[in-house]
Amino acid sequence: MRSPIPVEAFDASCGDINEVVAFPPEAFTSPEFHEFEMDAVFGHEWLCIGRATDIPNKGDYFTVDALDEQLLIVRQSDGTIRAQSNVCRHRAMKLADGQGNARRFKCDYHSWVYGLDGVLQSAPDLNDNPCFVKSEVQLPEIRSEVWENFIFVTFDPDIPPLKERLSALAKYLTNWGIPHLKSATPQEFFPVDVNWKIFGDECYHCAHLHSKSWCPMYDTASERIDYDSPVNEPEKGVIAYDLISLEKDLSPTRTGKNLQPVLPDLTDDERRRLIYVTVAPNLLLIAMPDKVKYFMWLPTGPTTSVFSATWMYPESTLQKPGFEEEWKMEVEDLKEVMEEDVYAWTSVQKGMFSRNAPRGRYAPSEVVLVRLNEWLVEKYRAADAKARNAQTVQDADLAPAPVSAGV
């Protein structure tokens with residue numbers, strides 16, 4: 001479909017940080033634009049949906065809904081991970097919820113049973129039917145890839161492998177040992193009444209919205225922000241900035257320091273950094289001296305999304321005496337920061353419906369948002385051009401044949 005907002009309207013949101021303005025408000029509210037965007041961006045990109053370390057054993061699984069697709073992610077007998085439809089092939093009922101471990105999956109409706117690989121094993125009253133071949137019935141597989149033990153899926157069979165896109169990022173974060181980190185608690189989404197783009201990460205708001213929460217714990221006056229982090233590859237949807245402190249091992253806690261052991265392979269320079277990396281469209285990594293946090297979001301409608309925040313540590317840290325108490329304390333310390341973010345996000349979303357909603361200027365420290373804009377707008381332009389070309393071909397096919405002049 002064509003973009004219901006003329007793609008030229010987005011030109012003003014790309015370019016020189018001193019000149020650009022925000023997206024049109026209807027890009028955050030319009031059901032028609034949401035439909036266009038879901039195909040233009042989410043339908044043809046790699047989407048992060050969780051961690052392979054959360055399902056380490058044969059039969060471990062979790063479920064997630066993405067773009068109205070119900071997905072079942074399962075560790076197979078050979079150790080690989082399979083992403084497949086979570087919808088029974090009989091009457092489209094959901095097969096599993098949440099996370100757990102299973103030897104097989106049974107539909108509650110009519111007791112159709114599937115193996116871990118999605119192949120139908122039993123269908124009551126049809127098992128011996130000569131016109132029904134069980135082995136030919138299988139839950140459709142969704143294209144997936146594991147990067148640094150993050151699981152990504154795509155609904156596009158033709159886009160390049162994810163590892164090509166994120167190779168430089170993996171190298172930059174090598175010393176954090178992300179493939180080996182494990183979640184303190186299972187990933188959990190919660191609903192937020194905002195358009196997914198409002199989650200865009202920047203640090204302009206930190207000294208303002210979080211002046212009484214974040215700032216007393218992490219001294220923003222003694223840091224500098226590197227908006228030209230070497231890992232930046234905006235054309236690939238990798239958008240990063242680093243908070244660089246004068247001292248090592250600072251973290252936003254009530255002590256101002258890490259509560260957990262420093263990751264063992266970090267250099268002194270890396271121990272002075274908090275690295276924020278957005279992997280568009282739906283993952284934010286925060287690499288810290290003692291852990292890596294990740295935020296994920298998935299759109300559920302033009303003005304609704306689900307959001308998750310997960311903390312990851314080495315196994316040795318998770319097993320350390322007193323870890324759980326210290327971790328819960330740190331989560332509680334940052335609870336107010338999260339509440340302030342949700343308050344701001346939902347307020348901005350409401351404001352987008354105003355007749356007076358602005359296309360406001362960007363501050364220099366919001367350059368990361370402009371980089372995300374440019375990545376998105378390229379997706380919009382490509383999808384709109386494709387739809388326009390398709391319409392031109394269709395119009396040509398429907399045009400009446402020319403009438404030859406009689407002799």
# chains A, B, ... in the order shown; residues from 1 in each chain; ligands from 1
>>> residues_around(residues="Ala83 in chain A", least_positions_apart="2", cutoff="10 Å", atoms="only C-alpha atoms", output="PyMOL selection string")
chain A and resi 61-63+71-75+81+85-86+117-118+139-145+151-153
>>> closest_atom_pairs(of="range 230-274 of chain A", to="range 209-220 of chain A", cutoff="8 Å", atoms="only C-alpha atoms", output="JSON lines")
{"residue": "A:Leu250", "atom": "CA", "partner": "A:Tyr218", "partner_atom": "CA", "distance": 7.2}
{"residue": "A:Ser251", "atom": "CA", "partner": "A:Tyr218", "partner_atom": "CA", "distance": 6.2}
{"residue": "A:Pro252", "atom": "CA", "partner": "A:Tyr218", "partner_atom": "CA", "distance": 4.8}
{"residue": "A:Thr253", "atom": "CA", "partner": "A:Met217", "partner_atom": "CA", "distance": 5.4}
{"residue": "A:Arg254", "atom": "CA", "partner": "A:Met217", "partner_atom": "CA", "distance": 5.7}
{"residue": "A:Thr255", "atom": "CA", "partner": "A:Met217", "partner_atom": "CA", "distance": 7.0}
{"residue": "A:Gly256", "atom": "CA", "partner": "A:Met217", "partner_atom": "CA", "distance": 5.1}
>>> write_last_selection(atoms="N, CA and C atoms", output="CSV table (one decimal), in the first residue's frame")
chain,number,residue,atom,x,y,z
A,250,LEU,N,31.0,3.2,37.5
A,250,LEU,CA,29.9,3.9,38.0
A,250,LEU,C,28.6,3.3,37.4
A,251,SER,N,27.6,3.3,38.3
A,251,SER,CA,26.3,2.8,37.8
A,251,SER,C,25.2,3.5,38.5
A,252,PRO,N,24.0,3.6,38.0
A,252,PRO,CA,22.9,4.4,38.6
A,252,PRO,C,22.3,3.5,39.7
A,253,THR,N,22.9,3.5,40.9
A,253,THR,CA,22.4,2.8,42.1
A,253,THR,C,22.5,3.8,43.2
A,254,ARG,N,21.9,3.4,44.4
A,254,ARG,CA,21.9,4.3,45.5
A,254,ARG,C,23.4,4.6,46.0
A,255,THR,N,24.3,3.7,45.7
A,255,THR,CA,25.7,3.9,46.0
A,255,THR,C,26.5,4.7,44.9
A,256,GLY,N,25.9,4.8,43.7
A,256,GLY,CA,26.6,5.4,42.6
A,256,GLY,C,27.6,4.5,42.0
>>> residues_around(residues="Val367 in chain A", least_positions_apart="3", cutoff="12 Å", atoms="only C-alpha atoms", output="VMD selection string")
chain A and resid 13 to 22 200 to 204 225 to 228 232 234 239 to 241 361 to 364 370 to 374
>>> closest_residue(among="A:Phe323, A:Trp46, A:Thr267, A:Phe295", to="Thr174 in chain A", atoms="only C-alpha atoms")
A:Thr267
>>> residues_around(residues="range 282-288 of chain A", least_positions_apart="2", cutoff="8 Å", atoms="only C-alpha atoms", output="CSV table (one decimal) with C-alpha atoms, in the first residue's frame")
chain,number,residue,atom,x,y,z
A,47,LEU,CA,12.6,-8.5,15.0
A,48,CYS,CA,14.1,-9.4,18.4
A,176,TRP,CA,30.8,-7.8,27.6
A,201,ASP,CA,16.0,6.4,23.1
A,251,SER,CA,26.3,2.8,37.8
A,271,ARG,CA,34.6,0.3,32.6
A,273,ARG,CA,31.2,3.6,29.7
A,274,LEU,CA,27.5,3.0,29.7
A,275,ILE,CA,26.8,2.0,26.1
A,276,TYR,CA,23.4,2.5,24.6
A,277,VAL,CA,22.7,0.8,21.3
A,278,THR,CA,19.4,0.7,19.5
A,279,VAL,CA,19.0,-2.1,17.0
A,280,ALA,CA,16.1,-0.9,15.0
A,290,ASP,CA,28.7,-5.3,35.7
A,291,LYS,CA,25.8,-6.3,33.4
A,292,VAL,CA,23.9,-5.8,30.2
A,293,LYS,CA,20.3,-4.7,30.1
A,294,TYR,CA,18.0,-5.0,27.2
A,295,PHE,CA,14.7,-3.3,26.4
A,296,MET,CA,12.3,-4.7,23.7
A,297,TRP,CA,9.0,-3.5,22.4
A,298,LEU,CA,6.5,-4.8,19.9
>>> select_by_dssp(residues="range 137-386 of chain A", states="strand (DSSP E)", output="number ranges by chain")
A: 143-147, 150-154, 182-183, 190-192, 223-226, 238-245, 273-279, 283-287, 292-301, 304-313
>>> residues_around(residues="range 338-340 of chain A", least_positions_apart="3", cutoff="12 Å", atoms="only C-alpha atoms", output="JSON, numbers by chain")
{"A": [192, 199, 205, 206, 208, 209, 210, 211, 212, 213, 214, 295, 307, 308, 309, 331, 332, 333, 334, 335, 343, 344, 345, 346, 347]}
>>> closest_atom_pairs(of="range 31-110 of chain A", to="range 177-183 of chain A", cutoff="12 Å", atoms="only C-alpha atoms", output="CSV")
residue,atom,partner,partner_atom,distance
A:Gly50,CA,A:Ser183,CA,10.4
A:Arg51,CA,A:Ser183,CA,8.4
A:Ala52,CA,A:Pro179,CA,9.0
A:Thr53,CA,A:Lys182,CA,6.1
A:Asp54,CA,A:Ser183,CA,7.1
A:Ile55,CA,A:Lys182,CA,10.5
A:Pro56,CA,A:Lys182,CA,10.3
>>> write_last_selection(atoms="N, CA and C atoms", output="tab-separated table (two decimals), in the first residue's frame")
chain	number	residue	atom	x	y	z
A	50	GLY	N	13.47	-12.36	22.02
A	50	GLY	CA	13.85	-12.96	23.29
A	50	GLY	C	15.25	-13.51	23.28
A	51	ARG	N	15.58	-14.28	24.34
A	51	ARG	CA	16.92	-14.81	24.55
A	51	ARG	C	16.92	-16.34	24.47
A	52	ALA	N	17.92	-16.86	23.76
A	52	ALA	CA	18.07	-18.31	23.69
A	52	ALA	C	18.48	-18.88	25.03
A	53	THR	N	19.17	-18.09	25.85
A	53	THR	CA	19.58	-18.57	27.18
A	53	THR	C	18.40	-18.78	28.11
A	54	ASP	N	17.23	-18.24	27.76
A	54	ASP	CA	16.03	-18.47	28.57
A	54	ASP	C	15.43	-19.85	28.32
A	55	ILE	N	15.85	-20.51	27.25
A	55	ILE	CA	15.35	-21.86	26.94
A	55	ILE	C	16.54	-22.78	26.66
A	56	PRO	N	17.30	-23.12	27.70
A	56	PRO	CA	18.56	-23.84	27.49
A	56	PRO	C	18.42	-25.33	27.23
>>> atom_distance(atom1="CA of Gln260 in chain A", atom2="CA of Phe150 in chain A")
22.8 Å
